[in-house]
>>> print(open('structure_10.cif').read())   # mmCIF, C-alpha atoms and all ligand atoms
data_start
#
loop_
_atom_site.label_atom_id
_atom_site.label_comp_id
_atom_site.auth_asym_id
_atom_site.auth_seq_id
_atom_site.Cartn_x
_atom_site.Cartn_y
_atom_site.Cartn_z
CA MET A 1 13.04 -14.14 13.58
CA LYS A 2 15.08 -10.95 13.78
CA GLN A 3 15.15 -9.80 10.14
CA HIS A 4 12.99 -6.95 8.87
CA ILE A 5 10.74 -8.00 6.00
CA GLY A 6 9.72 -5.57 3.25
CA PHE A 7 6.98 -6.05 0.69
CA ILE A 8 6.75 -4.30 -2.65
CA GLY A 9 3.18 -5.04 -3.75
CA SER A 10 0.33 -6.01 -1.49
CA GLY A 11 -2.30 -7.41 -3.81
CA ASN A 12 -4.05 -10.75 -3.42
CA MET A 13 -0.93 -12.84 -2.90
CA GLY A 14 1.20 -10.27 -1.07
CA THR A 15 -1.60 -9.62 1.41
CA ALA A 16 -2.16 -13.37 1.92
CA ILE A 17 1.53 -13.76 2.84
CA ILE A 18 1.59 -10.66 5.07
CA LYS A 19 -1.56 -11.66 6.99
CA GLY A 20 -0.41 -15.29 7.25
CA LEU A 21 2.97 -14.16 8.61
CA VAL A 22 1.44 -11.91 11.24
CA SER A 23 -1.08 -14.51 12.39
CA SER A 24 1.62 -17.22 12.58
CA LYS A 25 3.64 -14.93 14.90
CA VAL A 26 6.86 -15.86 13.08
CA ALA A 27 7.29 -12.14 12.46
CA LYS A 28 5.77 -9.30 14.44
CA ALA A 29 3.75 -6.72 12.52
CA SER A 30 6.41 -4.17 13.55
CA GLN A 31 9.01 -6.21 11.61
CA ILE A 32 7.05 -5.91 8.37
CA SER A 33 7.03 -2.85 6.08
CA VAL A 34 4.82 -2.66 3.03
CA PHE A 35 4.73 -0.46 -0.06
CA ASP A 36 2.12 -0.61 -2.82
CA ILE A 37 1.33 2.07 -5.39
CA GLN A 38 -2.20 1.90 -4.01
CA LEU A 39 -1.21 3.68 -0.81
CA ASP A 40 -4.72 3.65 0.64
CA LYS A 41 -4.74 -0.14 0.51
CA VAL A 42 -1.50 -0.33 2.54
CA LYS A 43 -2.78 2.23 5.05
CA ALA A 44 -5.93 0.15 5.54
CA LEU A 45 -3.80 -2.98 6.03
CA SER A 46 -1.66 -1.10 8.56
CA LYS A 47 -4.78 -0.11 10.47
CA GLU A 48 -6.09 -3.67 10.38
CA ILE A 49 -2.99 -5.66 11.43
CA GLY A 50 -0.37 -3.08 12.46
CA ILE A 51 2.29 -3.49 9.75
CA ASN A 52 4.31 -0.38 8.79
CA ALA A 53 2.86 1.31 5.73
CA VAL A 54 5.64 3.09 3.80
CA GLU A 55 5.34 5.50 0.92
CA SER A 56 8.09 4.44 -1.47
CA GLN A 57 10.11 1.49 -2.72
CA ASP A 58 13.23 3.30 -1.48
CA LYS A 59 11.95 3.20 2.09
CA ILE A 60 11.50 -0.58 1.81
CA MET A 61 15.08 -0.86 0.55
CA ASP A 62 16.31 1.25 3.52
CA VAL A 63 14.75 -0.93 6.22
CA ALA A 64 14.35 -4.48 4.88
CA ASP A 65 16.79 -7.41 5.10
CA ILE A 66 14.39 -9.62 3.15
CA ILE A 67 12.58 -7.94 0.24
CA PHE A 68 9.47 -9.55 -1.18
CA LEU A 69 8.53 -8.62 -4.72
CA ALA A 70 4.80 -9.32 -4.96
CA VAL A 71 3.89 -7.40 -8.10
CA LYS A 72 2.56 -8.79 -11.40
CA PRO A 73 5.18 -10.49 -13.61
CA ASN A 74 4.92 -7.80 -16.34
CA ILE A 75 6.13 -5.02 -14.01
CA MET A 76 8.89 -7.02 -12.31
CA GLY A 77 11.48 -5.62 -14.75
CA LYS A 78 10.61 -2.04 -13.86
CA VAL A 79 10.56 -2.67 -10.11
CA LEU A 80 13.89 -4.52 -10.27
CA SER A 81 15.50 -1.61 -12.19
CA ASP A 82 14.05 0.86 -9.66
CA ILE A 83 15.42 -0.96 -6.59
CA LYS A 84 18.75 -2.03 -8.09
CA ALA A 85 20.74 0.97 -6.82
CA LYS A 86 19.78 0.29 -3.20
CA LEU A 87 20.09 -3.50 -3.30
CA THR A 88 23.01 -4.88 -1.27
CA LYS A 89 24.71 -8.26 -1.49
CA LYS A 90 23.46 -8.99 2.03
CA SER A 91 19.77 -8.48 1.20
CA ILE A 92 17.64 -11.45 0.22
CA LEU A 93 15.36 -10.78 -2.73
CA VAL A 94 12.27 -12.98 -2.71
CA SER A 95 10.22 -13.11 -5.91
CA ILE A 96 6.81 -14.73 -6.12
CA ALA A 97 6.18 -13.75 -9.75
CA ALA A 98 5.04 -16.57 -12.03
CA GLY A 99 7.27 -17.05 -15.05
CA VAL A 100 10.08 -14.74 -13.95
CA THR A 101 13.23 -16.87 -13.72
CA ILE A 102 16.26 -16.30 -11.50
CA ASP A 103 18.21 -15.78 -14.71
CA THR A 104 15.79 -13.03 -15.84
CA ILE A 105 16.13 -11.29 -12.47
CA GLU A 106 19.94 -11.50 -12.64
CA LYS A 107 19.87 -10.02 -16.15
CA VAL A 108 18.32 -6.87 -14.64
CA ILE A 109 20.14 -6.54 -11.31
CA GLY A 110 23.38 -8.36 -12.14
CA LYS A 111 24.93 -11.46 -10.62
CA GLY A 112 26.12 -11.93 -7.03
CA TYR A 113 22.84 -11.10 -5.27
CA LYS A 114 20.84 -13.46 -3.05
CA ILE A 115 17.63 -14.41 -4.86
CA VAL A 116 14.88 -16.82 -3.86
CA ARG A 117 12.03 -17.74 -6.20
CA ILE A 118 8.84 -18.78 -4.46
CA MET A 119 5.62 -20.17 -5.84
CA PRO A 120 3.06 -19.70 -3.05
CA ASN A 121 -0.71 -19.97 -3.09
CA THR A 122 -3.51 -17.93 -1.54
CA PRO A 123 -4.37 -20.41 1.28
CA ALA A 124 -1.26 -18.85 2.92
CA LEU A 125 -3.84 -16.33 4.16
CA VAL A 126 -5.21 -18.97 6.55
CA ASN A 127 -1.82 -20.61 7.20
CA MET A 128 -2.68 -23.56 4.96
CA GLY A 129 -0.62 -22.53 1.97
CA MET A 130 1.71 -24.67 -0.11
CA SER A 131 4.86 -23.00 -1.36
CA SER A 132 7.87 -24.04 -3.36
CA ILE A 133 11.25 -22.47 -2.61
CA THR A 134 14.10 -22.17 -5.13
CA PRO A 135 17.22 -20.31 -3.95
CA ASN A 136 20.13 -19.29 -6.14
CA ASP A 137 23.67 -20.29 -5.17
CA LYS A 138 24.32 -17.08 -3.20
CA VAL A 139 21.77 -17.99 -0.52
CA THR A 140 23.40 -19.77 2.44
CA ASP A 141 21.91 -22.77 4.23
CA SER A 142 21.04 -20.66 7.28
CA GLU A 143 19.34 -18.05 5.08
CA LEU A 144 17.41 -20.81 3.31
CA LYS A 145 16.29 -21.99 6.76
CA VAL A 146 14.91 -18.52 7.52
CA ILE A 147 12.97 -18.48 4.24
CA SER A 148 11.69 -22.03 4.89
CA THR A 149 10.59 -20.96 8.39
CA ILE A 150 8.59 -18.10 6.86
CA PHE A 151 6.84 -20.34 4.34
CA ASP A 152 6.34 -23.24 6.76
CA SER A 153 4.59 -20.74 9.03
CA LEU A 154 2.20 -20.06 6.14
CA GLY A 155 1.40 -23.77 5.74
CA ARG A 156 3.98 -26.07 4.17
CA SER A 157 6.95 -25.55 1.91
CA GLU A 158 9.40 -27.62 -0.08
CA VAL A 159 12.64 -26.69 -1.79
CA VAL A 160 12.45 -27.56 -5.51
CA PRO A 161 14.77 -27.10 -8.50
CA GLU A 162 13.69 -24.27 -10.78
CA TYR A 163 12.56 -26.52 -13.66
CA LEU A 164 9.79 -27.93 -11.42
CA ILE A 165 8.15 -24.55 -10.89
CA HIS A 166 5.78 -25.06 -13.85
CA SER A 167 4.43 -28.21 -12.15
CA VAL A 168 4.14 -26.27 -8.89
CA VAL A 169 2.14 -23.50 -10.60
CA GLY A 170 -0.25 -26.14 -11.96
CA VAL A 171 -0.62 -28.28 -8.85
CA SER A 172 -0.64 -25.61 -6.12
CA GLY A 173 -0.03 -22.00 -7.25
CA SER A 174 -3.08 -21.81 -9.54
CA ALA A 175 -4.86 -24.84 -8.09
CA PRO A 176 -6.96 -23.11 -5.38
CA ALA A 177 -8.96 -21.61 -8.28
CA TYR A 178 -10.00 -25.02 -9.57
CA VAL A 179 -10.66 -26.33 -6.06
CA PHE A 180 -12.91 -23.31 -5.39
CA MET A 181 -14.75 -24.06 -8.66
CA PHE A 182 -15.23 -27.66 -7.51
CA ILE A 183 -16.57 -26.50 -4.14
CA GLU A 184 -18.86 -24.01 -5.86
CA ALA A 185 -20.18 -26.67 -8.25
CA MET A 186 -20.82 -29.15 -5.41
CA ALA A 187 -22.64 -26.46 -3.44
CA ASP A 188 -24.72 -25.54 -6.51
CA ALA A 189 -25.88 -29.15 -6.79
CA ALA A 190 -26.75 -29.27 -3.09
CA VAL A 191 -28.72 -26.03 -3.51
CA LEU A 192 -30.47 -27.59 -6.51
CA ALA A 193 -31.56 -30.40 -4.20
CA GLY A 194 -32.90 -27.88 -1.67
CA MET A 195 -30.04 -27.14 0.74
CA PRO A 196 -29.60 -23.48 1.80
CA ARG A 197 -26.58 -21.87 0.08
CA ALA A 198 -24.46 -21.11 3.17
CA GLN A 199 -24.95 -24.59 4.54
CA ALA A 200 -24.02 -26.07 1.15
CA TYR A 201 -20.62 -24.26 1.18
CA THR A 202 -19.91 -25.56 4.68
CA PHE A 203 -20.68 -29.15 3.71
CA ALA A 204 -18.71 -28.95 0.46
CA ALA A 205 -15.66 -27.14 1.87
CA GLN A 206 -15.39 -29.30 4.98
CA THR A 207 -15.55 -32.38 2.76
CA VAL A 208 -12.72 -31.13 0.53
CA MET A 209 -10.63 -30.23 3.59
CA GLY A 210 -11.29 -33.60 5.28
CA SER A 211 -10.54 -35.57 2.11
CA ALA A 212 -7.26 -33.68 1.65
CA LYS A 213 -6.37 -34.42 5.28
CA MET A 214 -7.00 -38.13 4.74
CA VAL A 215 -4.58 -38.15 1.78
CA MET A 216 -1.95 -36.38 3.91
CA GLU A 217 -2.42 -38.39 7.09
CA THR A 218 -3.32 -41.98 6.11
CA GLY A 219 -0.61 -42.42 3.50
CA LYS A 220 -3.18 -44.38 1.48
CA HIS A 221 -3.42 -44.05 -2.30
CA PRO A 222 -6.22 -41.62 -3.31
CA GLY A 223 -7.78 -44.45 -5.35
CA GLU A 224 -8.00 -46.65 -2.26
CA LEU A 225 -9.60 -43.80 -0.30
CA LYS A 226 -12.10 -43.35 -3.15
CA ASP A 227 -12.89 -47.09 -3.10
CA MET A 228 -13.59 -46.87 0.66
CA VAL A 229 -16.46 -44.45 -0.11
CA CYS A 230 -17.98 -46.48 -2.93
CA SER A 231 -20.39 -49.00 -1.39
CA PRO A 232 -21.31 -51.84 -3.78
CA GLY A 233 -24.46 -50.91 -5.66
CA GLY A 234 -24.51 -47.63 -3.74
CA THR A 235 -24.78 -43.91 -4.43
CA THR A 236 -21.12 -42.93 -4.79
CA ILE A 237 -20.28 -45.30 -7.63
CA GLU A 238 -23.15 -43.73 -9.59
CA ALA A 239 -21.46 -40.33 -9.23
CA VAL A 240 -18.05 -41.81 -10.11
CA LYS A 241 -19.51 -43.31 -13.32
CA VAL A 242 -20.89 -39.93 -14.41
CA LEU A 243 -17.63 -38.13 -13.57
CA GLU A 244 -15.73 -40.66 -15.72
CA GLU A 245 -18.27 -40.32 -18.57
CA LYS A 246 -17.94 -36.52 -18.47
CA GLY A 247 -14.15 -36.69 -18.56
CA PHE A 248 -13.56 -35.24 -15.09
CA ARG A 249 -9.96 -36.46 -14.75
CA ALA A 250 -9.10 -35.56 -18.35
CA ALA A 251 -10.59 -32.09 -17.86
CA VAL A 252 -8.39 -31.53 -14.78
CA ILE A 253 -5.29 -32.82 -16.55
CA ASP A 254 -5.95 -30.76 -19.71
CA ALA A 255 -6.62 -27.63 -17.64
CA MET A 256 -3.35 -28.10 -15.78
CA ILE A 257 -1.42 -28.67 -19.01
CA SER A 258 -2.72 -25.27 -20.25
CA CYS A 259 -1.73 -23.69 -16.96
CA MET A 260 1.77 -25.22 -16.97
CA ASP A 261 2.26 -24.33 -20.66
CA LYS A 262 1.40 -20.71 -19.85
CA SER A 263 3.88 -20.71 -16.99
CA GLU A 264 6.55 -21.98 -19.38
CA ALA A 265 5.58 -19.44 -22.07
CA LEU A 266 5.85 -16.59 -19.54
CA SER A 267 9.36 -17.82 -18.59
CA ASN A 268 10.50 -17.81 -22.21
CA LYS A 269 9.39 -14.24 -22.90
N1 LIG B 301 -2.75 -14.61 -6.78
C1 LIG B 301 -2.21 -15.80 -6.62
O1 LIG B 301 -2.87 -16.79 -6.26
C2 LIG B 301 -0.73 -16.00 -6.86
C3 LIG B 301 0.05 -14.99 -7.38
N2 LIG B 301 1.40 -15.20 -7.61
C4 LIG B 301 2.22 -14.10 -8.12
O2 LIG B 301 2.10 -13.03 -7.22
C5 LIG B 301 2.29 -11.79 -7.90
C6 LIG B 301 1.18 -10.83 -7.52
O3 LIG B 301 -0.05 -11.39 -7.92
P1 LIG B 301 -1.42 -10.92 -7.26
O4 LIG B 301 -1.20 -10.60 -5.82
O5 LIG B 301 -2.43 -11.92 -7.64
O6 LIG B 301 -1.66 -9.57 -8.08
P2 LIG B 301 -2.47 -8.26 -7.63
O7 LIG B 301 -2.78 -7.52 -8.88
O8 LIG B 301 -3.57 -8.63 -6.70
O9 LIG B 301 -1.38 -7.44 -6.78
C7 LIG B 301 -0.31 -6.74 -7.35
C8 LIG B 301 -0.12 -5.48 -6.51
O10 LIG B 301 1.05 -4.80 -6.96
C9 LIG B 301 0.80 -3.41 -6.86
N3 LIG B 301 1.78 -2.69 -7.68
C10 LIG B 301 1.78 -2.49 -9.02
N4 LIG B 301 2.87 -1.81 -9.39
C11 LIG B 301 3.60 -1.58 -8.26
C12 LIG B 301 4.82 -0.93 -8.00
N5 LIG B 301 5.55 -0.39 -8.96
N6 LIG B 301 5.26 -0.90 -6.71
C13 LIG B 301 4.53 -1.44 -5.71
N7 LIG B 301 3.36 -2.07 -5.90
C14 LIG B 301 2.90 -2.14 -7.16
C15 LIG B 301 -0.64 -3.24 -7.27
O11 LIG B 301 -1.18 -2.04 -6.81
C16 LIG B 301 -1.27 -4.48 -6.61
O12 LIG B 301 -1.77 -4.20 -5.31
C17 LIG B 301 2.31 -12.12 -9.39
O13 LIG B 301 3.63 -11.98 -9.85
C18 LIG B 301 1.82 -13.54 -9.48
O14 LIG B 301 2.46 -14.27 -10.52
C19 LIG B 301 2.00 -16.38 -7.29
C20 LIG B 301 1.28 -17.41 -6.78
C21 LIG B 301 -0.14 -17.32 -6.53
O1 LIG B 302 -2.65 -16.70 -12.28
C1 LIG B 302 -1.46 -16.40 -12.11
O2 LIG B 302 -0.75 -16.05 -13.07
C2 LIG B 302 -0.85 -16.47 -10.73
C3 LIG B 302 0.33 -17.40 -10.66
C4 LIG B 302 -0.12 -18.59 -9.88
C5 LIG B 302 -1.44 -18.21 -9.38
N1 LIG B 302 -1.81 -17.04 -9.80
#
>>> encode(input="structure_10.cif", output="structure tokens", more="lines below")
Ligand SMILES: NC(=O)C1=CN([C@@H]2O[C@H](COP(=O)(O)OP(=O)(O)OC[C@H]3O[C@@H](n4cnc5c(N)ncnc54)[C@H](O)[C@@H]3O)[C@@H](O)[C@H]2O)C=CC1
Ligand SMILES: O=C(O)[C@@H]1CCC=N1
Amino acid sequence: MKQHIGFIGSGNMGTAIIKGLVSSKVAKASQISVFDIQLDKVKALSKEIGINAVESQDKIMDVADIIFLAVKPNIMGKVLSDIKAKLTKKSILVSIAAGVTIDTIEKVIGKGYKIVRIMPNTPALVNMGMSSITPNDKVTDSELKVISTIFDSLGRSEVVPEYLIHSVVGVSGSAPAYVFMFIEAMADAAVLAGMPRAQAYTFAAQTVMGSAKMVMETGKHPGELKDMVCSPGGTTIEAVKVLEEKGFRAAVIDAMISCMDKSEALSNK
């Protein structure tokens, strides 16, 4: 791609996107400029992967065609007000903030600007992310293609209407946290049974990755794939019984309802 990409904020998610982009080779490190109030962090990132570390938001606005806002939702308003003067109608503003709607952004910067709302997740760091893309009506089809290319290079992406973003937060944005908890719990049990810790993480994580791949590649219903593991009178069905008794599915659904409710509450602030 030929555009210059600027980042305001390089925390957990911003850094995952930046590193994923560089390793995918969709953008060269020289095409990426990054500003974060923690300047040392950006300098270290520059040293590590070669992106341009810049010392102000203004410098990002001077060089970038695509501007990523990767700061916490509660400071989005301030950052938007700060960059407003230098924003042009040609720039594409990409926000990854949970609960900050396109309407909220337009209330600060005004209408007529190109805005894309993204809900990414941290596996973008290893180019296995899942991102949703929601453009406003000022973004052209070819610009949307550029944004899709960026997020496809970080894993997969799908364009969704804005009302679906709460579901996306629950099922992918926040979801790595619950998957990591699942992996950690499985590894704990293996350690309990005597397996060394590091080996337990490898077995658990590879199993989660392989199971996910089977869902994606076989097209079979997850229930059918589960049934294929459960030998009659065997070990797996014993585990399934306990998971059902302990409310495993209900716990996941309830947790996600809390997560999605919070996403909605943030949007209504
Ligand atoms: N962490 C995740 O898994 C995901 C996060 N998000 C969204 O990404 C955004 C960032 O989240 P995280 O990376 O987790 O937070 P974080 O706290 O790790 O990173 C935020 C960064 O912004 C910097 N910052 C603060 N004020 C700034 C300013 N005025 N100018 C430039 N930089 C500034 C901070 O120094 C920090 O490095 C949030 O809006 C969140 O909703 C979305 C999807 C997933
Ligand atoms: O926890 C959060 O608020 C952010 C949004 C999605 C994942 N992390």
>>> residues_near_ligand(input="structure_10.cif", ligand="ligand LIG 301 (chain B)", cutoff="7 Å", atoms="all atoms listed in the file", output="PyMOL selection string")
chain A and resi 8-14+35-38+57+70-73+75+79+96-98+119-122+173-174
>>> axis_aligned_box(input="structure_10.cif", around="ligand LIG 302 (chain B)", padding_each_side="6 Å", output="lines of an AutoDock Vina configuration file")
center_x = -1.2
center_y = -17.3
center_z = -11.2
size_x = 15.0
size_y = 14.5
size_z = 15.7
>>> closest_residue(input="structure_10.cif", among="A:Ala239, A:Val100, A:Ala205, A:Ala212", to="ligand LIG 302 (chain B)", atoms="all atoms listed in the file")
A:Val100
>>> residues_around(input="structure_10.cif", residues="stretch 139-154 of chain A", least_positions_apart="5", cutoff="9 Å", atoms="only C-alpha atoms", output="list in words")
Met1, Ile17, Gly20, Leu21, Ser23, Ser24, Lys25, Val26, Ala27, Ile92, Val94, Tyr113, Lys114, Ile115, Val116, Pro120, Pro123, Ala124, Leu125, Val126, Asn127, Met128, Gly129, Met130, Ser131, Ser132, Ile133 and Val159 of chain A
>>> closest_residue(input="structure_10.cif", among="A:Gly50, A:Ile257, A:Ser263, A:Ser157", to="ligand LIG 302 (chain B)", atoms="only C-alpha atoms and all ligand atoms")
A:Ser263
>>> atom_distance(input="structure_10.cif", atom1="atom CA of A:Ser30", atom2="atom CA of A:Ile51")
5.6 Å
>>> atom_distance(input="structure_10.cif", atom1="atom CA of A:Ile118", atom2="atom CA of A:Ala265")
17.9 Å
>>> atom_distance(input="structure_10.cif", atom1="atom CA of A:Ala204", atom2="atom CA of A:Thr236")
15.1 Å
>>> build_atoms(input="structure_10.cif", residues="stretch 66-90 of chain A", atoms="N, CA and C atoms", output="mmCIF file, in the frame of the given file")
data_model
loop_
_atom_site.group_PDB
_atom_site.id
_atom_site.type_symbol
_atom_site.label_atom_id
_atom_site.label_comp_id
_atom_site.auth_asym_id
_atom_site.auth_seq_id
_atom_site.Cartn_x
_atom_site.Cartn_y
_atom_site.Cartn_z
ATOM 1 N N ILE A 66 14.994 -8.685 4.111
ATOM 2 C CA ILE A 66 14.390 -9.620 3.150
ATOM 3 C C ILE A 66 13.339 -8.816 2.377
ATOM 4 N N ILE A 67 13.489 -8.782 1.051
ATOM 5 C CA ILE A 67 12.580 -7.940 0.240
ATOM 6 C C ILE A 67 11.707 -8.828 -0.636
ATOM 7 N N PHE A 68 10.419 -8.794 -0.366
ATOM 8 C CA PHE A 68 9.470 -9.550 -1.180
ATOM 9 C C PHE A 68 9.005 -8.717 -2.355
ATOM 10 N N LEU A 69 9.101 -9.286 -3.546
ATOM 11 C CA LEU A 69 8.530 -8.620 -4.720
ATOM 12 C C LEU A 69 7.235 -9.358 -5.043
ATOM 13 N N ALA A 70 6.110 -8.682 -4.786
ATOM 14 C CA ALA A 70 4.800 -9.320 -4.960
ATOM 15 C C ALA A 70 3.949 -8.524 -5.931
ATOM 16 N N VAL A 71 4.600 -8.126 -7.043
ATOM 17 C CA VAL A 71 3.890 -7.400 -8.100
ATOM 18 C C VAL A 71 3.667 -8.358 -9.280
ATOM 19 N N LYS A 72 2.851 -7.947 -10.237
ATOM 20 C CA LYS A 72 2.560 -8.790 -11.400
ATOM 21 C C LYS A 72 3.844 -9.019 -12.209
ATOM 22 N N PRO A 73 3.957 -10.171 -12.855
ATOM 23 C CA PRO A 73 5.180 -10.490 -13.610
ATOM 24 C C PRO A 73 5.578 -9.392 -14.626
ATOM 25 N N ASN A 74 4.573 -8.758 -15.277
ATOM 26 C CA ASN A 74 4.920 -7.800 -16.340
ATOM 27 C C ASN A 74 5.524 -6.494 -15.824
ATOM 28 N N ILE A 75 5.462 -6.250 -14.503
ATOM 29 C CA ILE A 75 6.130 -5.020 -14.010
ATOM 30 C C ILE A 75 7.348 -5.339 -13.148
ATOM 31 N N MET A 76 7.705 -6.628 -13.084
ATOM 32 C CA MET A 76 8.890 -7.020 -12.310
ATOM 33 C C MET A 76 10.155 -6.312 -12.824
ATOM 34 N N GLY A 77 10.282 -6.233 -14.170
ATOM 35 C CA GLY A 77 11.480 -5.620 -14.750
ATOM 36 C C GLY A 77 11.648 -4.185 -14.280
ATOM 37 N N LYS A 78 10.549 -3.439 -14.268
ATOM 38 C CA LYS A 78 10.610 -2.040 -13.860
ATOM 39 C C LYS A 78 10.961 -1.926 -12.376
ATOM 40 N N VAL A 79 10.299 -2.738 -11.561
ATOM 41 C CA VAL A 79 10.560 -2.670 -10.110
ATOM 42 C C VAL A 79 12.010 -3.057 -9.815
ATOM 43 N N LEU A 80 12.498 -4.098 -10.493
ATOM 44 C CA LEU A 80 13.890 -4.520 -10.270
ATOM 45 C C LEU A 80 14.862 -3.395 -10.647
ATOM 46 N N SER A 81 14.607 -2.724 -11.790
ATOM 47 C CA SER A 81 15.500 -1.610 -12.190
ATOM 48 C C SER A 81 15.439 -0.491 -11.166
ATOM 49 N N ASP A 82 14.212 -0.229 -10.639
ATOM 50 C CA ASP A 82 14.050 0.860 -9.660
ATOM 51 C C ASP A 82 14.780 0.591 -8.347
ATOM 52 N N ILE A 83 14.837 -0.677 -7.923
ATOM 53 C CA ILE A 83 15.420 -0.960 -6.590
ATOM 54 C C ILE A 83 16.908 -1.309 -6.655
ATOM 55 N N LYS A 84 17.388 -1.546 -7.884
ATOM 56 C CA LYS A 84 18.750 -2.030 -8.090
ATOM 57 C C LYS A 84 19.814 -1.220 -7.329
ATOM 58 N N ALA A 85 19.718 0.103 -7.415
ATOM 59 C CA ALA A 85 20.740 0.970 -6.820
ATOM 60 C C ALA A 85 20.856 0.755 -5.320
ATOM 61 N N LYS A 86 19.750 0.418 -4.667
ATOM 62 C CA LYS A 86 19.780 0.290 -3.200
ATOM 63 C C LYS A 86 19.921 -1.157 -2.728
ATOM 64 N N LEU A 87 19.989 -2.087 -3.681
ATOM 65 C CA LEU A 87 20.090 -3.500 -3.300
ATOM 66 C C LEU A 87 21.516 -3.810 -2.847
ATOM 67 N N THR A 88 21.664 -4.523 -1.713
ATOM 68 C CA THR A 88 23.010 -4.880 -1.270
ATOM 69 C C THR A 88 23.195 -6.395 -1.423
ATOM 70 N N LYS A 89 24.432 -6.819 -1.326
ATOM 71 C CA LYS A 89 24.710 -8.260 -1.490
ATOM 72 C C LYS A 89 24.312 -9.042 -0.247
ATOM 73 N N LYS A 90 23.928 -8.314 0.821
ATOM 74 C CA LYS A 90 23.460 -8.990 2.030
ATOM 75 C C LYS A 90 21.946 -9.205 2.000
#
